[in-house]
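*Asks:* Before anything else, here's the structure in question.
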Protein chains: 2
Amino acid sequence: MTDIIRMSEIYAPTLKEDPADAEIASHRLLLRAGMIRKAASGIYTFLPLGLKVLAKIENIVREEMDATGAQEILMPALQPAELWFESGRWDDYGPELMRLHDRHARGFCLGPTHEELITALLRNELRSYKQLPISLYQIQVKFRDEIRPRFGLLRGREFIMKDAYSFHATQESLQKTYDEMGGAYGRMCDRMELDWRGVEADSGQIGGSTSREFMALADAGEAELVYCSCGYAANTEAGSGIATPTEATGAGAAGGAGGAAAGAGAAGAAWEKVATPGVSSIEALAQFLEIEEAATVKAMVGKGADGALVAFFLPGDHGLNLIKVDRIVPGFALLDNEEAAAAGLSLGFLGPVGLPAGIRRIAASDLAASARWVVGANEEGFHLIGARPGLDFEIDEWADILVVAPGDCCPVCGAPLEGARGIEVSQIFQLGEKYSKAMNATFSAEDGTDQHFVMGCYGVGVSRSMAAIVEQKNDAAGIVWPASVAPAQVCLLPLDIGDDAVVAAAWELATRIAALGFDVAVDDRDERAGVKFNDADLIGWPMQIIVGKRSLAQSEVELKIRSTGEKRSLALDEVVDTFLSLI
Amino acid sequence: MTDIIRMSEIYAPTLKEDPADAEIASHRLLLRAGMIRKAASGIYTFLPLGLKVLAKIENIVREEMDATGAQEILMPALQPAELWFESGRWDDYGPELMRLHDRHARGFCLGPTHEELITALLRNELRSYKQLPISLYQIQVKFRDEIRPRFGLLRGREFIMKDAYSFHATQESLQKTYDEMGGAYGRMCDRMELDWRGVEADSGQIGGSTSREFMALADAGEAELVYCSCGYAANTEAGSGIATPTEATGAGAAGGAGGAAAGAGAAGAAWEKVATPGVSSIEALAQFLEIEEAATVKAMVGKGADGALVAFFLPGDHGLNLIKVDRIVPGFALLDNEEAAAAGLSLGFLGPVGLPAGIRRIAASDLAASARWVVGANEEGFHLIGARPGLDFEIDEWADILVVAPGDCCPVCGAPLEGARGIEVSQIFQLGEKYSKAMNATFSAEDGTDQHFVMGCYGVGVSRSMAAIVEQKNDAAGIVWPASVAPAQVCLLPLDIGDDAVVAAAWELATRIAALGFDVAVDDRDERAGVKFNDADLIGWPMQIIVGKRSLAQSEVELKIRSTGEKRSLALDEVVDTFLSLI
């Protein structure tokens, strides 16, 4: 039996008004319900009720991790810079890594993640393939210096994460653990009652080849994702749908341009050159030619780390996926106006015909089926309609370079993809040998040779999950906690604190329910009924049991189900059974 | 029923050899038993078995805190510099405070303690005396940039603490909570089975008037304490015993000096001037004059923050307590050789007679009963024997300025004090209005006026407690955990892993004991019996149950009690009952 929460004593300062800087529901309601308070930008204190929720989420995570055979440890937050030099991330990680020096001027960072530390821990002691595989995890405070912390617990600078790391002798062994972790992560989301999708993801600053994110669907989410009824789902950063550009014939389009066309193609060329004065964006071009954006082809020129120029061509209604592009042209960055002018290029009027020689040309594979393109003429104020790849110009490579968008075809089944926004609550990664090679972490294999560990890593945003749950479970009155993570599953509301019978009945019910292993609160404050009702709805107890003087005289109380708002009058002797059947 | 620990799977790399840099038992044994690993100087990772111990200590602390009515919260580790400017500690705290800047160049520190943060949290929201008193606590990672981190978990730079803060309307209310916390702290120490003393303490960088430390007695401890059979106990930094200087008459001492005396007192003076060439330390002086150090009077000259010179006189066998001195002469620092020369003073030969005018003279009250002092002559190479306070020289003030030492008289009962060394595992403080005044944190009192909160704070070194327990509970073979904090209370040692009956019997016993609510380990590794015995002793399970082939054939197993080394042969059907009676 756990301790019963007394609302008269617990420090849970509820707020009547919405805090000024809280833009989204979870931020607003966690503040209003007295669960968190801001200590600094992106840095929060968990008050007693908030900490109870956090502890329940931690326990769900812990139980699911333990069930996979992972072992809990605790690594330090302070990490020596030398380890990050070894992995190369001291430079790569950028300004989000919080750095400091100790009194002896030695460099440290505050860990946003612990690949370096765990690799250093095991490389000295885990020597034999017989000890593999092994998974270790921790639940710990993490730090990331977000440039614009916002949305409360969703994008903070100090937050609680569960991070796990697995070490393997082979890729097959990693795949097995990776799949098991994926299962455990799904169960965690289910137990938190999240509406979630597991999506194909980019591995970002963590690295590795394969990654999967677990997204709580929510409009407040900062991630965009696409999904299909066949089961395919991806972060738009990482997904690879098939775009379906439309085609605009020269004649039709030129006609649509209201006589502004000034057809003057080169001898034998099928394209038509159109005067498009001041029309330098795709949106303006589509409007000017009265065609869809999908019927235009966008050209984007930049250079790689080696300084060589590269032009990318893509359907006008799609974005260039810089993560994918970086894998084709490492260090790729778009030209600015000055650089473009120096290279003799007219930004806003770029196209494949007449592009200076020596610029590598890479087009979206999605355009391969388009025989005639609407493109810039490489001349200020002009576009071409109906330029033909392979005839009027050449493309060097066709590649997957688009940000996938809703409406694209599913790469698995071909059906149109749906779009949604999501909150990344957790992510799993196949790191392979990225860290073990960089940090020279080896084991002795069965054949006696030294081999690098094959590694995986697995993160859960614990405090972020708390916010994600609230984003999905709230209404105008407040939070609607699922029973699995609520600070207590039920709150007793004795309405007349001066009436001994009311108080006694409330405590008797509270004690009986607590004895069954539930967490129980009693609003024993000397407050008006309205205040108690409002606070109970705001805090979001899954069930409320209201004990009033008049109904108690008839041996009745009222049970309110927070998620539906339904209220039932119940005889005193059936309350506990009804509670048990509903929770 | 908790999960049974399988030694074949858990990551607990035991070491046969003592690690080179581990000077004390707890550091050495926690490393050797595979419970912690160093990540950087003074920064450790807790491996699975170490984390289990840490979690048990945390739970003891949490239960005792909850029992006082304190509520658990979680504050951030990152604290904005502005709050520390408000309290004045940004400058006062010194280089042990780890400081950093975020990407926007705003200053932060990594919290070594949270008075500023909690005061800022409550000052905005806790408005009425009706909400007082309130106690909030957290169990959290803390940071302190020790200049010489050492002794493993005893003096680290990142460590786990429980810190609690209480807010009151009156000093009486604070005293009540302070006393309750003192009781809870004693129970925590008892539950960890520490041999401890609660001692009068200095409040150091935390501040406030009254403080009490809870010391685990151990030779490895860095604190010195004195205690008396009457119950009085104090950190020597803070205690105030009564020193009993002896007296050496001029004649006797001069005679003892073997004719080296050169009596030449001023007219009418009873003292004798003795040539003491090169005798500039108390030790050398006592040896030279053949008297006890306690029979000499040490003079120490320095200046306060205001630059005025002050001379302190104290019994030669005692140290000057700079913490006490600082309260009398704020900013006091001893003169160096150059400063002394500039002031016309001969260091090593200082004394009250002939001291330049204008130097304030403060003597230890303990010397008030000494009518004749052996002191420096304020002349290189000479001392005076038998100088008389009030006659030959004047003293401006008598004060409590000594570091108390074993053998001094107890300030409560007068009996001689005993001395010991201890590890400060926890400490409680009456802060009074120190922070609420500096940070303007007020509440509305019953009479309607705004008043500053009266505060207390209460810390427990959680990871340090783990080391303190090991310092007290170890032997040549390893750690001897008390059952209350052991990673498991019992380990089953099936000696023949190839023998199905042995393995089955071990697991059957393990399962039965685990079902009773105990934590159980099974050493199911395919290792020799000697390896299992050594590791079990090293790790320190309170009980071992050894299941061997030969004894099992007679339906017997062996139970070993780690703390005594006693082994008992027991029939299979009496093992569990015997375990229960012993644990």
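Chain labels run A, B, ... following the order of the structure tokens; each chain numbers its residues from 1, and ligands are numbered from 1 in the order shown.
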Quick one: residues within 9 Å of Gly540 (chain B), only C-alpha atoms, excluding same-chain residues fewer than 6 positions away - as a ChimeraX atom specification?

*Replies:* /B:33,474,477-482,486-487,562-563

*Asks:* Taking all heavy atoms for each residue, export the selection above as a PDB file, in the first residue's frame.

*Replies:*
```pdb
ATOM      1  N   ALA B  33      35.526  -5.412  -6.634  1.00  0.00           N
ATOM      2  CA  ALA B  33      34.282  -6.199  -6.671  1.00  0.00           C
ATOM      3  C   ALA B  33      33.446  -5.887  -7.904  1.00  0.00           C
ATOM      4  O   ALA B  33      32.330  -6.382  -8.046  1.00  0.00           O
ATOM      5  CB  ALA B  33      33.479  -5.941  -5.392  1.00  0.00           C
ATOM      6  N   ASN B 474      34.596  -4.397   6.035  1.00  0.00           N
ATOM      7  CA  ASN B 474      35.431  -5.131   5.085  1.00  0.00           C
ATOM      8  C   ASN B 474      36.446  -5.951   5.837  1.00  0.00           C
ATOM      9  O   ASN B 474      36.687  -5.729   7.026  1.00  0.00           O
ATOM     10  CB  ASN B 474      36.120  -4.159   4.115  1.00  0.00           C
ATOM     11  CG  ASN B 474      37.237  -3.384   4.791  1.00  0.00           C
ATOM     12  OD1 ASN B 474      38.347  -3.883   4.971  1.00  0.00           O
ATOM     13  ND2 ASN B 474      36.933  -2.147   5.199  1.00  0.00           N
ATOM     14  N   ALA B 477      39.344 -10.425   2.730  1.00  0.00           N
ATOM     15  CA  ALA B 477      38.776 -11.103   1.560  1.00  0.00           C
ATOM     16  C   ALA B 477      37.884 -10.199   0.725  1.00  0.00           C
ATOM     17  O   ALA B 477      37.610 -10.508  -0.437  1.00  0.00           O
ATOM     18  CB  ALA B 477      37.979 -12.337   2.011  1.00  0.00           C
ATOM     19  N   GLY B 478      37.409  -9.098   1.312  1.00  0.00           N
ATOM     20  CA  GLY B 478      36.549  -8.228   0.518  1.00  0.00           C
ATOM     21  C   GLY B 478      35.557  -7.448   1.362  1.00  0.00           C
ATOM     22  O   GLY B 478      35.792  -7.174   2.537  1.00  0.00           O
ATOM     23  N   ILE B 479      34.442  -7.113   0.721  1.00  0.00           N
ATOM     24  CA  ILE B 479      33.402  -6.313   1.370  1.00  0.00           C
ATOM     25  C   ILE B 479      32.512  -7.217   2.221  1.00  0.00           C
ATOM     26  O   ILE B 479      32.346  -8.398   1.914  1.00  0.00           O
ATOM     27  CB  ILE B 479      32.544  -5.598   0.298  1.00  0.00           C
ATOM     28  CG1 ILE B 479      33.428  -4.728  -0.615  1.00  0.00           C
ATOM     29  CG2 ILE B 479      31.452  -4.745   0.941  1.00  0.00           C
ATOM     30  CD1 ILE B 479      32.705  -4.130  -1.813  1.00  0.00           C
ATOM     31  N   VAL B 480      31.938  -6.657   3.278  1.00  0.00           N
ATOM     32  CA  VAL B 480      30.981  -7.393   4.118  1.00  0.00           C
ATOM     33  C   VAL B 480      29.723  -6.545   4.218  1.00  0.00           C
ATOM     34  O   VAL B 480      29.524  -5.805   5.175  1.00  0.00           O
ATOM     35  CB  VAL B 480      31.571  -7.645   5.521  1.00  0.00           C
ATOM     36  CG1 VAL B 480      30.649  -8.550   6.333  1.00  0.00           C
ATOM     37  CG2 VAL B 480      32.970  -8.253   5.441  1.00  0.00           C
ATOM     38  N   TRP B 481      28.869  -6.576   3.192  1.00  0.00           N
ATOM     39  CA  TRP B 481      27.695  -5.705   3.178  1.00  0.00           C
ATOM     40  C   TRP B 481      26.707  -6.033   4.278  1.00  0.00           C
ATOM     41  O   TRP B 481      26.407  -7.210   4.500  1.00  0.00           O
ATOM     42  CB  TRP B 481      26.931  -5.832   1.852  1.00  0.00           C
ATOM     43  CG  TRP B 481      27.628  -5.260   0.657  1.00  0.00           C
ATOM     44  CD1 TRP B 481      28.074  -5.944  -0.430  1.00  0.00           C
ATOM     45  CD2 TRP B 481      27.925  -3.877   0.405  1.00  0.00           C
ATOM     46  NE1 TRP B 481      28.651  -5.090  -1.334  1.00  0.00           N
ATOM     47  CE2 TRP B 481      28.571  -3.812  -0.854  1.00  0.00           C
ATOM     48  CE3 TRP B 481      27.730  -2.700   1.114  1.00  0.00           C
ATOM     49  CZ2 TRP B 481      29.010  -2.623  -1.407  1.00  0.00           C
ATOM     50  CZ3 TRP B 481      28.169  -1.503   0.564  1.00  0.00           C
ATOM     51  CH2 TRP B 481      28.797  -1.469  -0.686  1.00  0.00           C
ATOM     52  N   PRO B 482      26.149  -5.012   4.935  1.00  0.00           N
ATOM     53  CA  PRO B 482      24.976  -5.259   5.783  1.00  0.00           C
ATOM     54  C   PRO B 482      23.813  -5.701   4.872  1.00  0.00           C
ATOM     55  O   PRO B 482      23.751  -5.284   3.708  1.00  0.00           O
ATOM     56  CB  PRO B 482      24.664  -3.884   6.382  1.00  0.00           C
ATOM     57  CG  PRO B 482      25.807  -2.995   6.039  1.00  0.00           C
ATOM     58  CD  PRO B 482      26.530  -3.595   4.886  1.00  0.00           C
ATOM     59  N   ALA B 486      22.991  -4.642   0.806  1.00  0.00           N
ATOM     60  CA  ALA B 486      23.701  -5.583  -0.072  1.00  0.00           C
ATOM     61  C   ALA B 486      22.993  -5.671  -1.425  1.00  0.00           C
ATOM     62  O   ALA B 486      21.776  -5.563  -1.491  1.00  0.00           O
ATOM     63  CB  ALA B 486      23.752  -6.960   0.588  1.00  0.00           C
ATOM     64  N   PRO B 487      23.752  -5.886  -2.497  1.00  0.00           N
ATOM     65  CA  PRO B 487      23.107  -6.034  -3.809  1.00  0.00           C
ATOM     66  C   PRO B 487      22.129  -7.204  -3.812  1.00  0.00           C
ATOM     67  O   PRO B 487      21.127  -7.167  -4.518  1.00  0.00           O
ATOM     68  CB  PRO B 487      24.274  -6.256  -4.771  1.00  0.00           C
ATOM     69  CG  PRO B 487      25.488  -6.491  -3.949  1.00  0.00           C
ATOM     70  CD  PRO B 487      25.224  -5.943  -2.576  1.00  0.00           C
ATOM     71  N   ARG B 562      28.914 -14.320   5.998  1.00  0.00           N
ATOM     72  CA  ARG B 562      30.085 -13.564   5.546  1.00  0.00           C
ATOM     73  C   ARG B 562      30.741 -12.783   6.677  1.00  0.00           C
ATOM     74  O   ARG B 562      31.973 -12.711   6.751  1.00  0.00           O
ATOM     75  CB  ARG B 562      29.638 -12.594   4.432  1.00  0.00           C
ATOM     76  CG  ARG B 562      30.715 -11.669   3.887  1.00  0.00           C
ATOM     77  CD  ARG B 562      31.780 -12.437   3.122  1.00  0.00           C
ATOM     78  NE  ARG B 562      32.844 -11.554   2.641  1.00  0.00           N
ATOM     79  CZ  ARG B 562      33.920 -11.225   3.332  1.00  0.00           C
ATOM     80  NH1 ARG B 562      34.098 -11.702   4.556  1.00  0.00           N
ATOM     81  NH2 ARG B 562      34.838 -10.435   2.817  1.00  0.00           N
ATOM     82  N   SER B 563      29.924 -12.216   7.580  1.00  0.00           N
ATOM     83  CA  SER B 563      30.494 -11.309   8.581  1.00  0.00           C
ATOM     84  C   SER B 563      31.358 -12.047   9.606  1.00  0.00           C
ATOM     85  O   SER B 563      32.319 -11.480  10.119  1.00  0.00           O
ATOM     86  CB  SER B 563      29.383 -10.531   9.297  1.00  0.00           C
ATOM     87  OG  SER B 563      28.491 -11.428   9.908  1.00  0.00           O
TER      88      SER B 563
END
```

*Asks:* Write out as a PyMOL selection string which residues come within 12 Å of Ala357 (chain B) when counting only C-alpha atoms, dropping same-chain ones fewer than 4 positions away.

*Replies:* chain B and resi 308-311+343-345+352-353+361+393-394

*Asks:* Take the residues from that selection and put them in a file with C-alpha atoms, as a JSON list (two decimals), in the first residue's frame.

*Replies:*
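The new file part_28.json reads:
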```
[["chain", "number", "residue", "atom", "x", "y", "z"],
["B", 308, "ALA", "CA", 44.82, 46.00, 11.19],
["B", 309, "LEU", "CA", 47.35, 43.69, 12.88],
["B", 310, "VAL", "CA", 46.15, 41.14, 15.42],
["B", 311, "ALA", "CA", 48.17, 38.77, 17.61],
["B", 343, "ALA", "CA", 56.17, 45.23, 10.85],
["B", 344, "GLY", "CA", 59.36, 44.76, 12.88],
["B", 345, "LEU", "CA", 58.36, 41.28, 14.06],
["B", 352, "PRO", "CA", 53.24, 39.52, 24.31],
["B", 353, "VAL", "CA", 56.04, 41.41, 26.07],
["B", 361, "ARG", "CA", 46.07, 41.04, 21.47],
["B", 393, "PHE", "CA", 51.81, 42.53, 29.58],
["B", 394, "GLU", "CA", 48.13, 43.12, 28.79]]
```

*Asks:* What does the structure give for the distance between CA of Ala445 (chain A) and CA of Pro48 (chain B), in Å to one decimal?

*Replies:*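 Interatomic distance here is 24.9 Å.
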
*Asks:* Which residues are close to region 301-306 of chain A, i.e. within 6 Å by only C-alpha atoms, leaving aside same-chain residues fewer than 4 positions away? Reply as a ChimeraX atom specification.

*Replies:* /A:310-311,329-335

*Asks:* Okay, now the selection with C-alpha atoms, as a tab-separated table (two decimals), in the first residue's frame?

*Replies:*
```
chain	number	residue	atom	x	y	z
A	310	VAL	CA	26.95	20.39	-58.28
A	311	ALA	CA	23.44	21.10	-59.61
A	329	VAL	CA	28.11	15.17	-52.03
A	330	PRO	CA	29.77	15.35	-48.60
A	331	GLY	CA	29.74	18.84	-47.13
A	332	PHE	CA	27.28	20.14	-49.72
A	333	ALA	CA	26.14	23.75	-49.21
A	334	LEU	CA	24.03	25.90	-51.53
A	335	LEU	CA	25.67	28.86	-53.28
```

*Asks:* Quick one: pick out all strand (DSSP E) residues within region 382-500 of chain B from a backbone DSSP run and write them as an MDAnalysis selection string.

*Replies:* chainID B and resid 382:387 397:399 402:403 418:432 442:444 450:452 454:461 474:475 478:479 490:494

*Asks:* Could you check the closest approach to chain A for each of B:Glu222, B:Asp202, B:Glu23, B:Glu82 and tell me which residue wins, using only C-alpha atoms?

*Replies:*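 Smallest distance to chain A is found for B:Glu82.
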
*Asks:* Against chain B, which residues of chain A fall within 7 Å? For each one I want the closest pair of atoms and the distance in Å (one decimal), counting only C-alpha atoms, rows by chain and increasing residue number, as a Markdown table.

*Replies:*
```
| residue | atom | partner | partner_atom | distance |
| --- | --- | --- | --- | --- |
| A:Ala40 | CA | B:Pro80 | CA | 6.7 |
| A:Ile43 | CA | B:Pro76 | CA | 6.7 |
| A:Tyr44 | CA | B:Pro76 | CA | 6.3 |
| A:Thr45 | CA | B:Met75 | CA | 4.4 |
| A:Phe46 | CA | B:Leu74 | CA | 5.0 |
| A:Leu47 | CA | B:Ile73 | CA | 4.9 |
| A:Pro48 | CA | B:Ile73 | CA | 5.0 |
| A:Leu51 | CA | B:Ile73 | CA | 6.0 |
| A:Gln71 | CA | B:Pro48 | CA | 6.4 |
| A:Glu72 | CA | B:Pro48 | CA | 5.7 |
| A:Ile73 | CA | B:Leu47 | CA | 4.9 |
| A:Leu74 | CA | B:Phe46 | CA | 5.0 |
| A:Met75 | CA | B:Thr45 | CA | 4.4 |
| A:Pro76 | CA | B:Thr45 | CA | 6.0 |
| A:Pro80 | CA | B:Ala40 | CA | 6.7 |
| A:Pro95 | CA | B:Arg103 | CA | 6.5 |
| A:Met98 | CA | B:Asp102 | CA | 6.8 |
| A:Leu100 | CA | B:Leu100 | CA | 5.4 |
| A:Asp102 | CA | B:Asp145 | CA | 6.8 |
| A:Arg103 | CA | B:Pro95 | CA | 6.5 |
| A:Asp145 | CA | B:Asp102 | CA | 6.7 |
```

*Asks:* I need the residues in region 205-331 of chain B that are helix (DSSP H, G or I) according to DSSP; give them as a ChimeraX atom specification.

*Replies:* /B:250-256,282-289,293-295,322-328

*Asks:* When you count only C-alpha atoms, which of these residues is closest to Ser370 (chain B): B:Phe382, B:Lys16, B:Gly316, B:Thr246?

*Replies:*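 Closest residue, counting only C-alpha atoms: B:Thr246.
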
*Asks:* Here is a test: counting only C-alpha atoms, which residue of A:Gly456, A:Gly319, A:Gly386, A:Gly354 is nearest to Met300 (chain A)?

*Replies:* A:Gly319

*Asks:* Between B:Arg197, B:His168, B:His318, B:Lys273, which is the closest to Ser229 (chain B) once you count only C-alpha atoms?

*Replies:*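 Looking only at the distances to Ser229 (chain B), the closest residue turns out to be B:Arg197.
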
*Asks:* If you measure from CA of Glu200 (chain A) to CA of Ser484 (chain A), what distance in Å do you get, rounded to one decimal?

*Replies:*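 CA of Ser484 (chain A) lies at a distance of 27.8 Å from CA of Glu200 (chain A).
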
*Asks:* Considering only C-alpha atoms, state which residue in the set B:Ile395, B:Ala488, B:Leu30, B:Met7 is at the smallest distance from Lys532 (chain B).

*Replies:*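 The closest residue to Lys532 (chain B) is B:Met7.
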
*Asks:* To one decimal place in Å, what is the distance between CA of Gly34 (chain A) and CA of Ala476 (chain A)?

*Replies:*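 Separating CA of Gly34 (chain A) from CA of Ala476 (chain A) is a distance of 16.6 Å.
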